[in-house]
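J.: Right, I'll just put the structure down here and ask away after.
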Amino acid sequence: MLRKIDISTELSDVIIKIRGLSFSRGERKIFDNIDMDIERGKVTAIMGPSGTGKTTLLKLIGGQLKPDSGTIHVDGENVHQLSQSALYDLRQRTMGMLFQSGALLTDLTVFENVAFPLREHTSLPESAIHHLVLLKLEVVGLRGARYLMPAELSGGMARRVALARAIALDPEMIMFDEPFTGQDPISMGVLVKLIHDMNHALGMTSVVVSHDVDETASISDYIYVLSQGRVVEHGTPGNIKDSDSTWVQQFMGGLADGPVPFHFTARPLMEDMLEDGLRKKGARR
Amino acid sequence: MIAGWLQGIGHWVFNRFSRVGRGSLFLLQCLLSLSYMVKRPLLLVRQLYYVGVQTLLIILVAGLFVGMVLALQAYIVLVDFGAEESISLMVSLSILRELGPVFTGLLFAGRAGSALTAEIGLMKSTEQLSGMEMMAVNPMKYIIAPRFLAGFISVPLLTAIFMAVAIFGGFVVATEMLGLYEGVYWSQMQAKVDFYEDLMNGMIKSLVFGFVVVWIAVFEGYDCVPTSEGLGQATTRTVVHGSLAVLGLDFILTALMFSV
């Protein structure tokens, strides 16, 4: 049984404040009146099974989608009431986003990709841009790959370049969309370390959307678990692991059967087999 | 049964109208973003190369052959009346008034239009457009506007080149193959072709075709369903709608320009 959780206590220094957020795609309700607070300078994870709208939530926070109702405040500003230029201003100042695919510009080299936001938003001289890009690439360990094209990179490397690009303008917060999906253990380890280090060294707020339970729990300070459009649990990783919700236990433990059944809703196996057998017989006649 | 049918029609009509609405708003945003080209002219130059220069070869070859075929056909008809000296007139008038702009529009839709749709659609499906938005760079300014303007500038220029090459193709066939005097070919043209009436009207057509084809191409890419199937459909739609728009508009423009 999923239960709605009210956040009554205001957290101290909140960078993202979500209240009463509802969003649907066609007939399907993705979010149903959810509340969420994301604290500044912390790593907050948003977890849940595939298709619960985790990526959609990031797009709502970034102002790329509009909610049906409810508000999202980022750094004190209501994202969906801003004019386009004010929204772009907020994105430039506060938000960086790491897409699942990396979203690198395919016609530019690694160096130019990282330089892209600097060229667009600053009027720094070429030498300063050159140094900055090298420093950002050094952080993700890909300084040596700066002349490669995105098509020549592995998935993990592309994500690291995208990370370098996302921190190019030193945003206050970075949103990671499924950073670990489809990564081999080494790349995954590298990404986990990078997210952790960046949070600790630069004090950057990180919002990590993921369903890789162990990796995400190992670096996050606070976790929200979403399912069927609701927040089913939230708390520190320790609290979540000790949750008394059987659903959360199934999700965190990766159990095949539980409140989320292994089988898609169907009639008993015998009934289906008998009916299919009869149908084939009829067809043969 | 009938209710379901009516619902289907209603749904279809509603979808068409919302698409027209989205397309118009898109065009408006695109036109408002054009001023960005003053700040970043290199983006435009790059697209002029991809959209315009790379279409040049197909335009040259097509133009040459169209001109040559026209000269041959004109000769076959005109020789019966002893009027083969008017070959150049038939070639140049049909090229300048109709075939130049129409052929260029069609070829542009097929060559550059489809490439634009596929490129923008792929950018959308690989989240490059989204990524740009999140980096606070408006893809309308950075991606769409330069491609739109490059297409709009290229089509009239390509049309002019098509016209010149086609008339030259006609000249080669008429003089080398059919034995017409060179002077006759050019003087007939000089005497009967009017700069404003024929050439300018053709160029106005090409401006309209360029505008519409490139609008369709960039909109289809931007509005496509970001899957491989959706991308394929959008590219097909660009070529089909673009070509039909060129042919339909050509009739309307001809009726407005040349009807007595």
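Each chain of the structure tokens is named A, B, ... in the order shown, its residues numbered from 1; ligands are numbered from 1 in display order.
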Check every residue of chain A for an atom within 12 Å of chain B, counting only C-alpha atoms, and provide those that qualify as a JSON list (two decimals) with N, CA and C atoms, in the first residue's frame.
T.:
[["chain", "number", "residue", "atom", "x", "y", "z"],
["A", 58, "LEU", "N", 12.86, 16.18, -13.44],
["A", 58, "LEU", "CA", 13.99, 17.07, -13.71],
["A", 58, "LEU", "C", 13.61, 18.12, -14.76],
["A", 59, "LYS", "N", 12.85, 17.67, -15.78],
["A", 59, "LYS", "CA", 12.44, 18.63, -16.82],
["A", 59, "LYS", "C", 11.47, 19.67, -16.26],
["A", 60, "LEU", "N", 10.67, 19.25, -15.28],
["A", 60, "LEU", "CA", 9.76, 20.22, -14.64],
["A", 60, "LEU", "C", 10.56, 21.22, -13.82],
["A", 61, "ILE", "N", 11.56, 20.72, -13.10],
["A", 61, "ILE", "CA", 12.40, 21.62, -12.30],
["A", 61, "ILE", "C", 13.15, 22.59, -13.21],
["A", 62, "GLY", "N", 13.62, 22.08, -14.34],
["A", 62, "GLY", "CA", 14.37, 22.93, -15.28],
["A", 62, "GLY", "C", 13.48, 23.86, -16.10],
["A", 63, "GLY", "N", 12.16, 23.74, -15.93],
["A", 63, "GLY", "CA", 11.25, 24.63, -16.65],
["A", 63, "GLY", "C", 11.03, 24.23, -18.09],
["A", 64, "GLN", "N", 11.41, 22.99, -18.46],
["A", 64, "GLN", "CA", 11.17, 22.56, -19.85],
["A", 64, "GLN", "C", 9.76, 22.02, -20.02],
["A", 65, "LEU", "N", 9.14, 21.64, -18.91],
["A", 65, "LEU", "CA", 7.73, 21.21, -18.95],
["A", 65, "LEU", "C", 6.96, 22.05, -17.94],
["A", 84, "GLN", "N", 10.74, 34.09, -20.41],
["A", 84, "GLN", "CA", 11.75, 33.22, -20.99],
["A", 84, "GLN", "C", 13.17, 33.69, -20.66],
["A", 85, "SER", "N", 13.37, 35.01, -20.71],
["A", 85, "SER", "CA", 14.74, 35.48, -20.47],
["A", 85, "SER", "C", 15.12, 35.28, -19.00],
["A", 86, "ALA", "N", 14.14, 35.46, -18.09],
["A", 86, "ALA", "CA", 14.45, 35.26, -16.68],
["A", 86, "ALA", "C", 14.73, 33.79, -16.39],
["A", 87, "LEU", "N", 13.99, 32.91, -17.09],
["A", 87, "LEU", "CA", 14.20, 31.47, -16.92],
["A", 87, "LEU", "C", 15.60, 31.08, -17.41],
["A", 88, "TYR", "N", 15.98, 31.63, -18.57],
["A", 88, "TYR", "CA", 17.32, 31.33, -19.10],
["A", 88, "TYR", "C", 18.39, 31.85, -18.15],
["A", 89, "ASP", "N", 18.09, 32.99, -17.56],
["A", 89, "ASP", "CA", 19.01, 33.59, -16.60],
["A", 89, "ASP", "C", 19.19, 32.66, -15.39],
["A", 90, "LEU", "N", 18.06, 32.14, -14.89],
["A", 90, "LEU", "CA", 18.08, 31.25, -13.74],
["A", 90, "LEU", "C", 18.86, 29.97, -14.07],
["A", 91, "ARG", "N", 18.60, 29.43, -15.28],
["A", 91, "ARG", "CA", 19.30, 28.21, -15.68],
["A", 91, "ARG", "C", 20.80, 28.43, -15.74],
["A", 92, "GLN", "N", 21.16, 29.60, -16.30],
["A", 92, "GLN", "CA", 22.58, 29.88, -16.47],
["A", 92, "GLN", "C", 23.26, 30.03, -15.12],
["A", 93, "ARG", "N", 22.55, 30.64, -14.17],
["A", 93, "ARG", "CA", 23.13, 30.96, -12.88],
["A", 93, "ARG", "C", 23.15, 29.74, -11.96],
["A", 94, "THR", "N", 22.04, 28.99, -11.99],
["A", 94, "THR", "CA", 21.85, 27.99, -10.95],
["A", 94, "THR", "C", 21.97, 26.55, -11.42],
["A", 95, "MET", "N", 21.52, 26.26, -12.64],
["A", 95, "MET", "CA", 21.34, 24.85, -12.99],
["A", 95, "MET", "C", 22.33, 24.35, -14.02],
["A", 96, "GLY", "N", 22.79, 23.13, -13.76],
["A", 96, "GLY", "CA", 23.48, 22.38, -14.80],
["A", 96, "GLY", "C", 22.74, 21.07, -14.90],
["A", 97, "MET", "N", 22.74, 20.48, -16.09],
["A", 97, "MET", "CA", 22.03, 19.20, -16.16],
["A", 97, "MET", "C", 22.85, 18.22, -16.97],
["A", 98, "LEU", "N", 22.92, 17.01, -16.44],
["A", 98, "LEU", "CA", 23.64, 15.95, -17.13],
["A", 98, "LEU", "C", 22.61, 14.97, -17.67],
["A", 99, "PHE", "N", 22.50, 14.94, -19.00],
["A", 99, "PHE", "CA", 21.50, 14.07, -19.60],
["A", 99, "PHE", "C", 22.01, 12.63, -19.65],
["A", 100, "GLN", "N", 21.05, 11.72, -19.73],
["A", 100, "GLN", "CA", 21.39, 10.31, -19.77],
["A", 100, "GLN", "C", 22.31, 10.00, -20.96],
["A", 101, "SER", "N", 21.99, 10.63, -22.09],
["A", 101, "SER", "CA", 22.78, 10.34, -23.30],
["A", 101, "SER", "C", 24.04, 11.21, -23.37],
["A", 102, "GLY", "N", 24.17, 12.15, -22.44],
["A", 102, "GLY", "CA", 25.28, 13.10, -22.52],
["A", 102, "GLY", "C", 24.88, 14.36, -23.26],
["A", 103, "ALA", "N", 24.09, 14.16, -24.35],
["A", 103, "ALA", "CA", 23.58, 15.30, -25.14],
["A", 103, "ALA", "C", 24.71, 16.21, -25.62],
["A", 104, "LEU", "N", 25.86, 15.62, -25.95],
["A", 104, "LEU", "CA", 26.95, 16.44, -26.49],
["A", 104, "LEU", "C", 26.59, 16.87, -27.91],
["A", 105, "LEU", "N", 27.09, 18.03, -28.31],
["A", 105, "LEU", "CA", 26.84, 18.49, -29.67],
["A", 105, "LEU", "C", 27.75, 17.71, -30.60],
["A", 106, "THR", "N", 27.15, 16.95, -31.51],
["A", 106, "THR", "CA", 27.92, 15.96, -32.25],
["A", 106, "THR", "C", 28.85, 16.56, -33.29],
["A", 107, "ASP", "N", 28.63, 17.83, -33.66],
["A", 107, "ASP", "CA", 29.51, 18.41, -34.67],
["A", 107, "ASP", "C", 30.68, 19.18, -34.07],
["A", 108, "LEU", "N", 30.81, 19.14, -32.74],
["A", 108, "LEU", "CA", 31.91, 19.85, -32.09],
["A", 108, "LEU", "C", 32.83, 18.85, -31.38],
["A", 113, "ASN", "N", 32.88, 21.37, -27.10],
["A", 113, "ASN", "CA", 31.67, 21.11, -26.34],
["A", 113, "ASN", "C", 31.73, 21.73, -24.95],
["A", 114, "VAL", "N", 32.89, 21.56, -24.30],
["A", 114, "VAL", "CA", 33.04, 22.12, -22.95],
["A", 114, "VAL", "C", 33.13, 23.65, -23.04],
["A", 115, "ALA", "N", 33.73, 24.13, -24.12],
["A", 115, "ALA", "CA", 33.87, 25.59, -24.27],
["A", 115, "ALA", "C", 32.54, 26.26, -24.64],
["A", 116, "PHE", "N", 31.61, 25.45, -25.15],
["A", 116, "PHE", "CA", 30.36, 26.01, -25.68],
["A", 116, "PHE", "C", 29.63, 26.96, -24.71],
["A", 117, "PRO", "N", 29.31, 26.53, -23.46],
["A", 117, "PRO", "CA", 28.62, 27.47, -22.57],
["A", 117, "PRO", "C", 29.46, 28.70, -22.24],
["A", 118, "LEU", "N", 30.79, 28.52, -22.19],
["A", 118, "LEU", "CA", 31.65, 29.67, -21.89],
["A", 118, "LEU", "C", 31.61, 30.69, -23.02],
["A", 119, "ARG", "N", 31.67, 30.19, -24.24],
["A", 119, "ARG", "CA", 31.62, 31.09, -25.40],
["A", 119, "ARG", "C", 30.27, 31.79, -25.49],
["A", 120, "GLU", "N", 29.20, 31.06, -25.16],
["A", 120, "GLU", "CA", 27.85, 31.64, -25.30],
["A", 120, "GLU", "C", 27.56, 32.67, -24.22],
["A", 121, "HIS", "N", 28.05, 32.41, -23.00],
["A", 121, "HIS", "CA", 27.58, 33.23, -21.88],
["A", 121, "HIS", "C", 28.63, 34.16, -21.28],
["A", 162, "ALA", "N", 30.21, 15.46, -20.70],
["A", 162, "ALA", "CA", 28.99, 16.24, -20.44],
["A", 162, "ALA", "C", 29.03, 16.83, -19.04],
["A", 163, "LEU", "N", 29.62, 16.10, -18.11],
["A", 163, "LEU", "CA", 29.74, 16.61, -16.75],
["A", 163, "LEU", "C", 30.68, 17.82, -16.72],
["A", 165, "ARG", "N", 31.17, 19.81, -19.10],
["A", 165, "ARG", "CA", 30.44, 20.92, -19.73],
["A", 165, "ARG", "C", 29.42, 21.51, -18.75],
["A", 166, "ALA", "N", 28.79, 20.60, -17.98],
["A", 166, "ALA", "CA", 27.76, 21.08, -17.05],
["A", 166, "ALA", "C", 28.37, 21.94, -15.95],
["A", 167, "ILE", "N", 29.65, 21.68, -15.58],
["A", 167, "ILE", "CA", 30.25, 22.49, -14.51],
["A", 167, "ILE", "C", 31.07, 23.66, -15.06],
["A", 168, "ALA", "N", 31.02, 23.83, -16.40],
["A", 168, "ALA", "CA", 31.85, 24.88, -17.00],
["A", 168, "ALA", "C", 31.56, 26.26, -16.41],
["A", 169, "LEU", "N", 30.28, 26.53, -16.16],
["A", 169, "LEU", "CA", 29.94, 27.86, -15.65],
["A", 169, "LEU", "C", 29.78, 27.85, -14.13],
["A", 170, "ASP", "N", 30.27, 26.80, -13.49],
["A", 170, "ASP", "CA", 30.16, 26.65, -12.03],
["A", 170, "ASP", "C", 28.75, 26.91, -11.51],
["A", 171, "PRO", "N", 27.79, 26.09, -11.93],
["A", 171, "PRO", "CA", 26.43, 26.31, -11.45],
["A", 171, "PRO", "C", 26.34, 25.89, -9.98],
["A", 174, "ILE", "N", 23.64, 20.73, -9.85],
["A", 174, "ILE", "CA", 23.63, 19.91, -11.07],
["A", 174, "ILE", "C", 22.60, 18.82, -10.90],
["A", 175, "MET", "N", 21.82, 18.62, -11.97],
["A", 175, "MET", "CA", 20.84, 17.53, -11.96],
["A", 175, "MET", "C", 21.37, 16.41, -12.83],
["A", 177, "ASP", "N", 20.66, 12.95, -14.67],
["A", 177, "ASP", "CA", 19.57, 12.07, -15.12],
["A", 177, "ASP", "C", 20.14, 10.68, -15.38]]
J.: Excluding same-chain residues fewer than 3 positions from Val53 in chain B, what lies within 12 Å of it counting only C-alpha atoms, as a PyMOL selection string?
T.: chain B and resi 45-50+56-60+108+111-112+150-151+153-155+157-158+161
J.: Rounded to one decimal, what separation in Å do you get between CA of Asp75 in chain A and CA of Glu172 in chain A?
T.: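 So the answer is 9.5 Å.
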J.: As a PyMOL selection string, please: every residue in range 87-284 of chain A that DSSP puts in strand (DSSP E or B).
T.: chain A and resi 95-98+173-177+205-210+222-227+230-235
J.: So which residues touch range 65-82 of chain B within 6 Å, counting only C-alpha atoms, skipping near sequence neighbours fewer than 3 positions away, as a short mmCIF file (atom, residue, chain, number, x, y, z; two decimals) with C-alpha atoms, in the first residue's frame?
T.:
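Output contents, as saved in part.cif:
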data_model
loop_
_atom_site.label_atom_id
_atom_site.label_comp_id
_atom_site.auth_asym_id
_atom_site.auth_seq_id
_atom_site.Cartn_x
_atom_site.Cartn_y
_atom_site.Cartn_z
CA ALA B 62 19.63 19.16 -63.30
CA ILE B 87 13.92 27.84 -79.63
CA VAL B 91 13.63 27.62 -73.47
CA ALA B 166 19.58 25.65 -68.23
CA ILE B 167 19.69 28.44 -70.80
CA GLY B 169 22.27 23.85 -71.91
CA GLY B 170 19.61 24.90 -74.43
CA VAL B 173 21.93 21.77 -78.00
#
J.: Applying 10 Å and only C-alpha atoms, which residues near Ile195 in chain A remain after dropping the ones on its own chain fewer than 4 positions away? List them as a list in words.
T.: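 Using only C-alpha atoms, the neighbours found are Val43, Leu163, Ile174, Phe176, Pro179, Val190, Leu191, Asn199, His200, Met204, Thr205, Ser206, Val207, Val208, Ile219 and Ser220 of chain A.
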